[in-house]
file work.tsv (TSV, C-alpha atoms and all ligand atoms)
chain	number	residue	atom	x	y	z
A	912	MET	CA	90.19	72.61	109.89
A	913	ARG	CA	92.81	70.03	108.90
A	914	LEU	CA	96.23	71.26	107.91
A	915	ASP	CA	96.51	68.76	105.06
A	916	GLU	CA	93.40	70.35	103.48
A	917	ILE	CA	94.89	73.86	103.53
A	918	VAL	CA	96.89	75.49	100.79
A	919	PRO	CA	98.48	78.55	102.43
A	920	TRP	CA	98.89	81.48	100.05
A	921	GLY	CA	99.43	85.06	101.21
A	922	ARG	CA	99.46	88.54	99.74
A	923	THR	CA	101.44	91.65	100.67
A	924	LEU	CA	100.46	94.97	102.25
A	925	ASN	CA	100.87	96.68	98.86
A	926	GLU	CA	98.37	94.23	97.41
A	927	TYR	CA	95.96	94.88	100.30
A	928	ARG	CA	96.36	98.64	99.70
A	929	ALA	CA	95.46	98.19	96.05
A	930	MET	CA	92.68	95.57	96.45
A	931	PHE	CA	90.91	97.64	99.10
A	932	ALA	CA	91.91	101.13	97.86
A	933	LEU	CA	93.27	101.82	101.34
A	934	SER	CA	94.09	105.50	101.99
A	935	GLU	CA	96.65	106.69	104.54
A	936	GLN	CA	93.68	107.58	106.74
A	937	ASP	CA	92.29	104.04	106.43
A	938	LEU	CA	95.72	102.64	107.33
A	939	ALA	CA	95.93	104.87	110.41
A	940	GLY	CA	92.76	103.28	111.86
A	941	ALA	CA	92.23	99.99	113.69
A	942	LEU	CA	91.96	97.28	111.03
A	943	LEU	CA	90.56	93.78	111.20
A	944	GLY	CA	91.65	91.30	108.54
A	945	CYS	CA	89.25	88.35	108.21
A	946	GLY	CA	90.89	85.26	106.73
A	947	ASP	CA	94.34	86.85	106.43
A	948	GLY	CA	96.08	83.47	106.55
A	949	PRO	CA	99.79	83.81	105.76
A	950	ALA	CA	99.46	87.28	104.18
A	951	SER	CA	102.13	89.77	105.24
A	952	ALA	CA	99.80	92.79	105.52
A	953	ASN	CA	99.62	92.60	109.32
A	954	ALA	CA	103.40	92.13	109.72
A	955	GLU	CA	104.21	95.00	107.37
A	956	LEU	CA	101.60	97.39	108.72
A	957	THR	CA	102.62	96.68	112.32
A	958	ARG	CA	106.24	97.40	111.40
A	959	GLN	CA	105.07	100.76	110.02
A	960	GLY	CA	103.29	101.59	113.27
A	961	GLY	CA	99.79	100.55	112.15
A	962	ARG	CA	97.17	98.63	114.11
A	963	MET	CA	95.84	95.42	112.61
A	964	ILE	CA	94.38	92.22	114.02
A	965	SER	CA	94.04	89.18	111.75
A	966	ILE	CA	91.69	86.28	112.35
A	967	ASP	CA	91.97	82.91	110.67
A	968	PRO	CA	91.45	79.28	111.73
A	969	LEU	CA	94.94	78.70	110.30
A	970	TYR	CA	96.40	80.36	113.39
A	971	GLN	CA	95.67	77.25	115.47
A	972	PHE	CA	98.83	75.79	113.85
A	973	THR	CA	102.43	76.43	114.81
A	974	PRO	CA	104.88	78.34	112.58
A	975	GLU	CA	106.69	75.06	111.84
A	976	GLN	CA	103.45	73.36	110.76
A	977	ILE	CA	102.46	76.27	108.50
A	978	ARG	CA	105.98	76.51	107.04
A	979	ALA	CA	105.97	72.78	106.27
A	980	ARG	CA	102.58	73.04	104.58
A	981	ILE	CA	103.79	76.01	102.46
A	982	ASP	CA	106.86	74.00	101.45
A	983	ALA	CA	104.64	71.03	100.51
A	984	THR	CA	102.12	72.98	98.41
A	985	ALA	CA	103.70	76.12	96.88
A	986	ALA	CA	105.18	74.44	93.80
A	987	THR	CA	101.84	72.80	92.95
A	988	VAL	CA	99.93	76.09	93.27
A	989	LEU	CA	102.43	77.84	91.00
A	990	ALA	CA	102.29	75.00	88.45
A	991	GLN	CA	98.47	75.17	88.44
A	992	THR	CA	98.57	78.94	87.97
A	993	GLU	CA	100.98	78.48	85.06
A	994	GLN	CA	98.67	75.88	83.51
A	995	GLY	CA	95.72	78.28	83.71
A	996	ARG	CA	97.75	81.35	82.83
A	997	GLU	CA	95.06	82.79	80.54
A	998	HIS	CA	92.90	83.33	83.65
A	999	TYR	CA	95.39	85.82	85.12
A	1000	CYS	CA	96.72	89.27	84.19
A	1001	TRP	CA	100.50	89.25	83.88
A	1002	ASP	CA	101.22	92.97	83.58
A	1003	THR	CA	102.17	93.79	87.20
A	1004	ILE	CA	103.32	90.27	88.04
A	1005	PRO	CA	105.10	89.25	84.80
A	1006	ASP	CA	105.30	85.46	85.20
A	1007	SER	CA	104.88	82.58	87.61
A	1008	ALA	CA	108.49	82.89	88.83
A	1009	ALA	CA	107.76	86.49	89.91
A	1010	LEU	CA	104.48	85.32	91.45
A	1011	GLY	CA	106.37	82.69	93.43
A	1012	ARG	CA	108.87	85.26	94.72
A	1013	LEU	CA	106.05	87.63	95.71
A	1014	ARG	CA	103.91	85.02	97.50
A	1015	LEU	CA	106.82	83.18	99.17
A	1016	GLY	CA	108.29	86.53	100.23
A	1017	ALA	CA	104.97	87.58	101.77
A	1018	MET	CA	104.60	84.24	103.57
A	1019	ALA	CA	108.19	84.44	104.87
A	1020	LEU	CA	107.45	87.90	106.33
A	1021	PHE	CA	104.31	86.47	107.93
A	1022	LEU	CA	106.17	83.50	109.40
A	1023	ASP	CA	108.89	85.77	110.84
A	1024	ASP	CA	106.24	87.92	112.49
A	1025	TYR	CA	103.85	85.14	113.51
A	1026	PRO	CA	105.24	84.21	116.98
A	1027	ALA	CA	105.49	87.85	118.11
A	1028	GLY	CA	102.14	88.65	116.53
A	1029	GLN	CA	100.45	85.73	118.26
A	1030	ALA	CA	101.92	86.80	121.59
A	1031	ALA	CA	100.64	90.34	120.98
A	1032	GLY	CA	97.17	89.08	120.03
A	1033	ARG	CA	97.50	90.26	116.41
A	1034	TYR	CA	96.89	86.75	114.98
A	1035	ARG	CA	93.76	85.26	116.53
A	1036	VAL	CA	92.20	81.85	115.96
A	1037	ALA	CA	88.65	82.61	114.82
A	1038	ALA	CA	86.44	81.97	111.82
A	1039	LEU	CA	83.75	84.08	110.18
A	1040	PRO	CA	80.98	84.58	111.05
A	1041	ASP	CA	82.06	84.30	114.70
A	1042	LEU	CA	84.15	87.32	115.55
A	1043	PRO	CA	85.28	87.45	119.20
A	1044	PHE	CA	85.30	91.25	119.40
A	1045	ARG	CA	83.01	93.89	120.87
A	1046	GLU	CA	80.86	96.13	118.72
A	1047	ASN	CA	82.89	98.89	117.04
A	1048	ALA	CA	86.24	97.45	118.12
A	1049	PHE	CA	87.66	98.40	114.70
A	1050	ASP	CA	87.40	101.20	112.17
A	1051	LEU	CA	87.47	98.93	109.13
A	1052	ALA	CA	87.06	95.19	108.53
A	1053	LEU	CA	88.67	93.61	105.45
A	1054	CYS	CA	88.26	90.26	103.78
A	1055	SER	CA	90.55	89.24	100.92
A	1056	HIS	CA	90.19	86.10	98.84
A	1057	LEU	CA	87.68	84.25	100.99
A	1058	LEU	CA	84.09	85.56	100.74
A	1059	PHE	CA	82.72	85.51	97.16
A	1060	LEU	CA	85.83	83.67	95.91
A	1061	TYR	CA	84.75	80.47	97.69
A	1062	SER	CA	81.07	80.86	96.81
A	1063	GLU	CA	80.70	77.16	96.11
A	1064	LEU	CA	81.87	76.22	99.59
A	1065	LEU	CA	80.27	79.06	101.56
A	1066	SER	CA	76.50	79.47	101.33
A	1067	PHE	CA	74.62	82.73	100.90
A	1068	ALA	CA	73.54	82.50	104.56
A	1069	THR	CA	77.19	82.19	105.62
A	1070	HIS	CA	78.14	85.18	103.47
A	1071	LEU	CA	75.35	87.28	104.98
A	1072	ALA	CA	76.22	86.25	108.53
A	1073	ALA	CA	79.91	86.94	107.87
A	1074	VAL	CA	79.24	90.40	106.52
A	1075	ARG	CA	76.87	91.22	109.37
A	1076	ALA	CA	79.58	90.13	111.82
A	1077	MET	CA	82.16	92.35	110.10
A	1078	LEU	CA	79.73	95.29	110.23
A	1079	ARG	CA	79.07	94.68	113.92
A	1080	VAL	CA	82.73	95.05	114.89
A	1081	ALA	CA	83.47	97.89	112.41
A	1082	PRO	CA	81.33	100.60	110.81
A	1083	GLU	CA	82.76	99.73	107.40
A	1084	ALA	CA	83.72	96.49	105.63
A	1085	ARG	CA	85.50	95.88	102.33
A	1086	ILE	CA	85.62	92.60	100.44
A	1087	PHE	CA	87.77	91.60	97.45
A	1088	PRO	CA	87.38	89.96	94.95
A	1089	LEU	CA	83.75	89.77	93.80
A	1090	LEU	CA	84.43	86.80	91.49
A	1091	ASP	CA	84.35	83.13	92.36
A	1092	LEU	CA	87.01	80.58	91.49
A	1093	SER	CA	85.66	80.17	87.95
A	1094	ASN	CA	86.15	83.91	87.32
A	1095	GLN	CA	82.38	84.53	87.36
A	1096	ARG	CA	80.73	87.17	89.51
A	1097	SER	CA	79.70	85.44	92.73
A	1098	PRO	CA	76.04	84.39	92.73
A	1099	HIS	CA	75.87	85.64	96.34
A	1100	LEU	CA	76.84	89.23	95.44
A	1101	ALA	CA	73.54	90.58	94.08
A	1102	PRO	CA	71.28	89.10	96.79
A	1103	LEU	CA	73.74	90.19	99.49
A	1104	CYS	CA	73.79	93.75	98.18
A	1105	ALA	CA	69.98	93.81	97.84
A	1106	THR	CA	69.47	92.53	101.39
A	1107	LEU	CA	71.85	95.02	102.97
A	1108	ASP	CA	70.62	97.91	100.83
A	1109	ALA	CA	67.04	97.21	101.95
A	1110	GLU	CA	68.24	97.36	105.56
A	1111	GLY	CA	69.73	100.82	105.05
A	1112	TYR	CA	73.39	99.89	104.70
A	1113	GLN	CA	75.44	101.84	102.19
A	1114	VAL	CA	76.47	99.38	99.48
A	1115	GLU	CA	78.99	100.27	96.79
A	1116	ILE	CA	80.89	98.29	94.18
A	1117	VAL	CA	84.15	100.17	93.73
A	1118	PRO	CA	86.69	99.73	90.89
A	1119	VAL	CA	90.23	99.23	92.25
A	1120	GLU	CA	93.75	99.43	90.83
A	1121	TYR	CA	94.40	95.70	91.25
A	1122	GLU	CA	93.76	92.83	88.91
A	1123	PHE	CA	95.51	89.49	88.92
A	1124	GLN	CA	92.63	87.02	88.61
A	1125	ARG	CA	91.31	88.21	85.24
A	1126	GLY	CA	88.26	90.47	85.68
A	1127	ALA	CA	88.70	90.74	89.47
A	1128	ASN	CA	89.16	94.50	89.72
A	1129	GLN	CA	86.32	95.61	91.98
A	1130	MET	CA	85.71	95.49	95.71
A	1131	LEU	CA	82.54	95.69	97.74
A	1132	ARG	CA	82.42	98.55	100.25
A	1133	LEU	CA	79.71	98.35	102.90
A	1134	SER	CA	78.92	100.90	105.59
A	1135	ARG	CA	76.56	100.68	108.48
A	1136	PRO	CA	73.65	103.14	108.43
A	1137	PRO	CA	74.39	106.21	110.55
A	1138	ALA	CA	72.85	106.14	114.04
A	1139	PRO	CA	69.49	107.95	114.10
A	1140	ILE	CA	69.61	111.55	115.30
A	1141	ILE	CA	66.73	112.32	117.65
A	1142	ASN	CA	66.11	115.92	118.77
A	1143	GLY	CA	69.54	116.94	117.48
A	1144	SER	CA	71.47	114.35	119.46
A	1145	VAL	CA	72.49	110.75	118.89
A	1146	PRO	CA	70.69	108.53	121.41
A	1147	ALA	CA	72.97	106.95	124.03
A	1148	LYS	CA	73.65	103.25	123.68
A	1149	PRO	CA	71.65	101.18	126.18
B	1201	LIG	C1	93.01	82.19	99.93
B	1201	LIG	S1	93.45	82.49	101.58
B	1201	LIG	C2	93.59	84.28	101.55
B	1201	LIG	C3	94.64	84.78	102.51
B	1201	LIG	C4	94.77	86.31	102.55
B	1201	LIG	N1	93.54	86.97	102.88
B	1201	LIG	C5	95.26	86.85	101.23
B	1201	LIG	O1	94.48	87.45	100.48
B	1201	LIG	O2	96.44	86.67	100.93
B	1201	LIG	C6	91.91	82.22	102.44
B	1201	LIG	C7	92.07	82.17	103.96
B	1201	LIG	O3	90.77	82.09	104.55
B	1201	LIG	C8	90.89	81.28	105.70
B	1201	LIG	N2	89.53	80.86	106.09
B	1201	LIG	C9	88.82	79.79	105.68
B	1201	LIG	N3	87.59	79.80	106.27
B	1201	LIG	C10	87.55	80.90	107.06
B	1201	LIG	C11	86.56	81.47	107.91
B	1201	LIG	N4	85.35	80.92	108.05
B	1201	LIG	N5	86.85	82.62	108.57
B	1201	LIG	C12	88.06	83.20	108.42
B	1201	LIG	N6	89.04	82.71	107.64
B	1201	LIG	C13	88.78	81.56	106.97
B	1201	LIG	C14	91.83	80.18	105.30
B	1201	LIG	O4	92.40	79.54	106.40
B	1201	LIG	C15	92.84	80.96	104.45
B	1201	LIG	O5	93.93	81.40	105.22
call {"tool": "encode", "arguments": {"input": "work.tsv", "output": "structure tokens", "more": "lines below"}}
Ligand SMILES: C[S@@+](CC[C@H](N)C(=O)[O-])C[C@H]1O[C@@H](n2cnc3c(N)ncnc32)[C@H](O)[C@@H]1O
result
Amino acid sequence: MRLDEIVPWGRTLNEYRAMFALSEQDLAGALLGCGDGPASANAELTRQGGRMISIDPLYQFTPEQIRARIDATAATVLAQTEQGREHYCWDTIPDSAALGRLRLGAMALFLDDYPAGQAAGRYRVAALPDLPFRENAFDLALCSHLLFLYSELLSFATHLAAVRAMLRVAPEARIFPLLDLSNQRSPHLAPLCATLDAEGYQVEIVPVEYEFQRGANQMLRLSRPPAPIINGSVPAKP
């Protein structure tokens, strides 16, 4: 990953709560954020006593490098959003100035937390589908604005491998949004759901109380099949 190819853009914990319909019980568990980038969810949740680890190849860069890249790109992203304003819902976020405050505020919280979070192992350099964690290390794995959104860049095989990896390290995974960058439902969604459903995973498309990219108001919730019960007891792991 080259820093000059990255456009850092991060969302808040409130946005994560809404995108993933996170309950207080969900937030009390061990969370993994895949592709969290400069989002402030980890910083905010940690401050509230929660447990979250974020993975992203972005974390190979220093705070100064990421800050400089945000400074170099934020105005362009906001101008592009303004140009395509009909593709967004402006009810919760009223205009691009408010969007700028929200995103830059989230990224500032992330940058403040980043050195301490790196030292604590909360920001880890890794990229889907390679997750450097043991099976069941987390209660819930999240992925916001990476899978499905970048369907043109990431193949179906990469999506499937990424989701399998998330469901190896956590019994449940949630992904938002289900649209690609052209606001169309990702072509990978239906085959991914069919494949996992056929393997016994629980697959649900869930409406959520969040919509900024127009039409992006659903998340995918996936759960691993329960372990088989043999003679009234769950078999021990080998
Ligand atoms: C659009 S940003 C979303 C950031 C954050 N999740 C949010 O919603 O605010 C996408 C992030 O995915 C990261 N990324 C790209 N490829 C990845 C991969 N294979 N595994 C994990 N993260 C990746 C990028 O570095 C970037 O930070």
call {"tool": "residues_around", "arguments": {"input": "work.tsv", "residues": "segment 1091-1099 of chain A", "least_positions_apart": "4", "cutoff": "12 Å", "atoms": "only C-alpha atoms", "output": "ChimeraX atom specification"}}
result
/A:995,997-999,1056-1071,1074,1087,1103-1106,1122-1131
call {"tool": "residues_near_ligand", "arguments": {"input": "work.tsv", "ligand": "ligand LIG 1201 (chain B)", "cutoff": "7 Å", "atoms": "all atoms listed in the file", "output": "JSON, numbers by chain"}}
result
{"A": [917, 919, 920, 921, 922, 945, 946, 947, 948, 949, 950, 966, 967, 968, 969, 1037, 1038, 1039, 1040, 1054, 1055, 1056, 1057]}
call {"tool": "write_last_selection", "arguments": {"input": "work.tsv", "atoms": "C-alpha atoms", "output": "CSV table (one decimal), in the frame of the given file"}}
result
chain,number,residue,atom,x,y,z
A,917,ILE,CA,94.9,73.9,103.5
A,919,PRO,CA,98.5,78.6,102.4
A,920,TRP,CA,98.9,81.5,100.0
A,921,GLY,CA,99.4,85.1,101.2
A,922,ARG,CA,99.5,88.5,99.7
A,945,CYS,CA,89.2,88.4,108.2
A,946,GLY,CA,90.9,85.3,106.7
A,947,ASP,CA,94.3,86.8,106.4
A,948,GLY,CA,96.1,83.5,106.6
A,949,PRO,CA,99.8,83.8,105.8
A,950,ALA,CA,99.5,87.3,104.2
A,966,ILE,CA,91.7,86.3,112.4
A,967,ASP,CA,92.0,82.9,110.7
A,968,PRO,CA,91.4,79.3,111.7
A,969,LEU,CA,94.9,78.7,110.3
A,1037,ALA,CA,88.6,82.6,114.8
A,1038,ALA,CA,86.4,82.0,111.8
A,1039,LEU,CA,83.8,84.1,110.2
A,1040,PRO,CA,81.0,84.6,111.0
A,1054,CYS,CA,88.3,90.3,103.8
A,1055,SER,CA,90.6,89.2,100.9
A,1056,HIS,CA,90.2,86.1,98.8
A,1057,LEU,CA,87.7,84.2,101.0
call {"tool": "atom_distance", "arguments": {"input": "work.tsv", "atom1": "atom CA of Ser934 of chain A", "atom2": "atom CA of Asp1002 of chain A"}}
result
23.4 Å
call {"tool": "closest_residue", "arguments": {"input": "work.tsv", "among": "A:Leu1100, A:Met1077, A:Val918, A:Leu1089", "to": "Thr987 of chain A", "atoms": "all atoms listed in the file"}}
result
A:Val918
call {"tool": "residues_near_point", "arguments": {"input": "work.tsv", "point": "(87.5, 104.1, 109.6)", "cutoff": "8 Å", "atoms": "only C-alpha atoms", "output": "ChimeraX atom specification"}}
result
/A:936-937,940-941,1049-1051,1081-1083
call {"tool": "atom_distance", "arguments": {"input": "work.tsv", "atom1": "atom CA of Met930 of chain A", "atom2": "atom CA of Arg996 of chain A"}}
result
20.3 Å
call {"tool": "residues_around", "arguments": {"input": "work.tsv", "residues": "Phe972 of chain A", "least_positions_apart": "5", "cutoff": "12 Å", "atoms": "all atoms listed in the file", "output": "PyMOL selection string"}}
result
chain A and resi 912-915+917+919+948-949+967+977-980+1022+1025-1026+1029+1034-1036
call {"tool": "write_last_selection", "arguments": {"input": "work.tsv", "atoms": "C-alpha atoms", "output": "PDB file, in the frame of the given file"}}
result
ATOM      1  CA  MET A 912      90.190  72.610 109.890  1.00  0.00           C
ATOM      2  CA  ARG A 913      92.810  70.030 108.900  1.00  0.00           C
ATOM      3  CA  LEU A 914      96.230  71.260 107.910  1.00  0.00           C
ATOM      4  CA  ASP A 915      96.510  68.760 105.060  1.00  0.00           C
ATOM      5  CA  ILE A 917      94.890  73.860 103.530  1.00  0.00           C
ATOM      6  CA  PRO A 919      98.480  78.550 102.430  1.00  0.00           C
ATOM      7  CA  GLY A 948      96.080  83.470 106.550  1.00  0.00           C
ATOM      8  CA  PRO A 949      99.790  83.810 105.760  1.00  0.00           C
ATOM      9  CA  ASP A 967      91.970  82.910 110.670  1.00  0.00           C
ATOM     10  CA  ILE A 977     102.460  76.270 108.500  1.00  0.00           C
ATOM     11  CA  ARG A 978     105.980  76.510 107.040  1.00  0.00           C
ATOM     12  CA  ALA A 979     105.970  72.780 106.270  1.00  0.00           C
ATOM     13  CA  ARG A 980     102.580  73.040 104.580  1.00  0.00           C
ATOM     14  CA  LEU A1022     106.170  83.500 109.400  1.00  0.00           C
ATOM     15  CA  TYR A1025     103.850  85.140 113.510  1.00  0.00           C
ATOM     16  CA  PRO A1026     105.240  84.210 116.980  1.00  0.00           C
ATOM     17  CA  GLN A1029     100.450  85.730 118.260  1.00  0.00           C
ATOM     18  CA  TYR A1034      96.890  86.750 114.980  1.00  0.00           C
ATOM     19  CA  ARG A1035      93.760  85.260 116.530  1.00  0.00           C
ATOM     20  CA  VAL A1036      92.200  81.850 115.960  1.00  0.00           C
TER      21      VAL A1036
END
call {"tool": "atom_distance", "arguments": {"input": "work.tsv", "atom1": "atom CA of Phe1021 of chain A", "atom2": "atom CA of Pro1043 of chain A"}}
result
22.1 Å
call {"tool": "build_atoms", "arguments": {"input": "work.tsv", "residues": "segment 1071-1082 of chain A", "atoms": "all heavy atoms", "output": "JSON list (two decimals), keeping the file's coordinate frame"}}
result
[["chain", "number", "residue", "atom", "x", "y", "z"],
["A", 1071, "LEU", "N", 76.11, 86.20, 104.33],
["A", 1071, "LEU", "CA", 75.35, 87.28, 104.98],
["A", 1071, "LEU", "C", 75.74, 87.38, 106.46],
["A", 1071, "LEU", "O", 75.97, 88.48, 106.98],
["A", 1071, "LEU", "CB", 73.85, 87.00, 104.81],
["A", 1071, "LEU", "CG", 72.91, 88.13, 105.21],
["A", 1071, "LEU", "CD1", 73.20, 89.40, 104.43],
["A", 1071, "LEU", "CD2", 71.45, 87.69, 104.99],
["A", 1072, "ALA", "N", 75.85, 86.23, 107.11],
["A", 1072, "ALA", "CA", 76.22, 86.25, 108.53],
["A", 1072, "ALA", "C", 77.64, 86.81, 108.71],
["A", 1072, "ALA", "O", 77.91, 87.55, 109.65],
["A", 1072, "ALA", "CB", 76.13, 84.83, 109.10],
["A", 1073, "ALA", "N", 78.53, 86.46, 107.78],
["A", 1073, "ALA", "CA", 79.91, 86.94, 107.87],
["A", 1073, "ALA", "C", 79.97, 88.46, 107.72],
["A", 1073, "ALA", "O", 80.65, 89.15, 108.49],
["A", 1073, "ALA", "CB", 80.76, 86.27, 106.79],
["A", 1074, "VAL", "N", 79.22, 88.96, 106.76],
["A", 1074, "VAL", "CA", 79.24, 90.40, 106.52],
["A", 1074, "VAL", "C", 78.59, 91.15, 107.69],
["A", 1074, "VAL", "O", 79.07, 92.19, 108.12],
["A", 1074, "VAL", "CB", 78.53, 90.70, 105.17],
["A", 1074, "VAL", "CG1", 78.21, 92.15, 105.02],
["A", 1074, "VAL", "CG2", 79.41, 90.21, 104.02],
["A", 1075, "ARG", "N", 77.52, 90.59, 108.20],
["A", 1075, "ARG", "CA", 76.87, 91.22, 109.37],
["A", 1075, "ARG", "C", 77.84, 91.26, 110.56],
["A", 1075, "ARG", "O", 77.90, 92.22, 111.30],
["A", 1075, "ARG", "CB", 75.63, 90.44, 109.78],
["A", 1075, "ARG", "CG", 74.44, 90.61, 108.86],
["A", 1075, "ARG", "CD", 73.19, 90.10, 109.60],
["A", 1075, "ARG", "NE", 72.11, 89.73, 108.72],
["A", 1075, "ARG", "CZ", 71.34, 90.59, 108.07],
["A", 1075, "ARG", "NH1", 71.59, 91.89, 108.15],
["A", 1075, "ARG", "NH2", 70.36, 90.17, 107.29],
["A", 1076, "ALA", "N", 78.61, 90.18, 110.72],
["A", 1076, "ALA", "CA", 79.58, 90.13, 111.82],
["A", 1076, "ALA", "C", 80.66, 91.20, 111.62],
["A", 1076, "ALA", "O", 81.03, 91.91, 112.57],
["A", 1076, "ALA", "CB", 80.22, 88.74, 111.89],
["A", 1077, "MET", "N", 81.14, 91.33, 110.38],
["A", 1077, "MET", "CA", 82.16, 92.35, 110.10],
["A", 1077, "MET", "C", 81.62, 93.75, 110.40],
["A", 1077, "MET", "O", 82.31, 94.61, 110.94],
["A", 1077, "MET", "CB", 82.63, 92.24, 108.64],
["A", 1077, "MET", "CG", 83.43, 90.97, 108.35],
["A", 1077, "MET", "SD", 83.68, 90.65, 106.59],
["A", 1077, "MET", "CE", 84.89, 91.90, 106.16],
["A", 1078, "LEU", "N", 80.32, 93.96, 110.04],
["A", 1078, "LEU", "CA", 79.73, 95.29, 110.23],
["A", 1078, "LEU", "C", 79.24, 95.50, 111.67],
["A", 1078, "LEU", "O", 78.79, 96.58, 112.00],
["A", 1078, "LEU", "CB", 78.58, 95.49, 109.24],
["A", 1078, "LEU", "CG", 79.07, 95.72, 107.80],
["A", 1078, "LEU", "CD1", 77.91, 95.59, 106.81],
["A", 1078, "LEU", "CD2", 79.74, 97.10, 107.66],
["A", 1079, "ARG", "N", 79.33, 94.49, 112.49],
["A", 1079, "ARG", "CA", 79.07, 94.68, 113.92],
["A", 1079, "ARG", "C", 80.34, 95.21, 114.60],
["A", 1079, "ARG", "O", 80.27, 96.12, 115.42],
["A", 1079, "ARG", "CB", 78.65, 93.34, 114.56],
["A", 1079, "ARG", "CG", 78.38, 93.45, 116.07],
["A", 1079, "ARG", "CD", 78.01, 92.11, 116.69],
["A", 1079, "ARG", "NE", 79.10, 91.14, 116.63],
["A", 1079, "ARG", "CZ", 80.16, 91.14, 117.43],
["A", 1079, "ARG", "NH1", 80.30, 92.05, 118.37],
["A", 1079, "ARG", "NH2", 81.11, 90.22, 117.29],
["A", 1080, "VAL", "N", 81.49, 94.66, 114.19],
["A", 1080, "VAL", "CA", 82.73, 95.05, 114.89],
["A", 1080, "VAL", "C", 83.40, 96.27, 114.25],
["A", 1080, "VAL", "O", 84.34, 96.81, 114.81],
["A", 1080, "VAL", "CB", 83.73, 93.87, 114.96],
["A", 1080, "VAL", "CG1", 83.10, 92.69, 115.70],
["A", 1080, "VAL", "CG2", 84.24, 93.44, 113.60],
["A", 1081, "ALA", "N", 82.91, 96.69, 113.08],
["A", 1081, "ALA", "CA", 83.47, 97.89, 112.41],
["A", 1081, "ALA", "C", 82.33, 98.58, 111.66],
["A", 1081, "ALA", "O", 81.44, 97.91, 111.15],
["A", 1081, "ALA", "CB", 84.58, 97.49, 111.44],
["A", 1082, "PRO", "N", 82.40, 99.91, 111.53],
["A", 1082, "PRO", "CA", 81.33, 100.60, 110.81],
["A", 1082, "PRO", "C", 81.42, 100.40, 109.30],
["A", 1082, "PRO", "O", 80.48, 100.70, 108.58],
["A", 1082, "PRO", "CB", 81.53, 102.08, 111.17],
["A", 1082, "PRO", "CG", 82.95, 102.17, 111.61],
["A", 1082, "PRO", "CD", 83.33, 100.83, 112.17]]
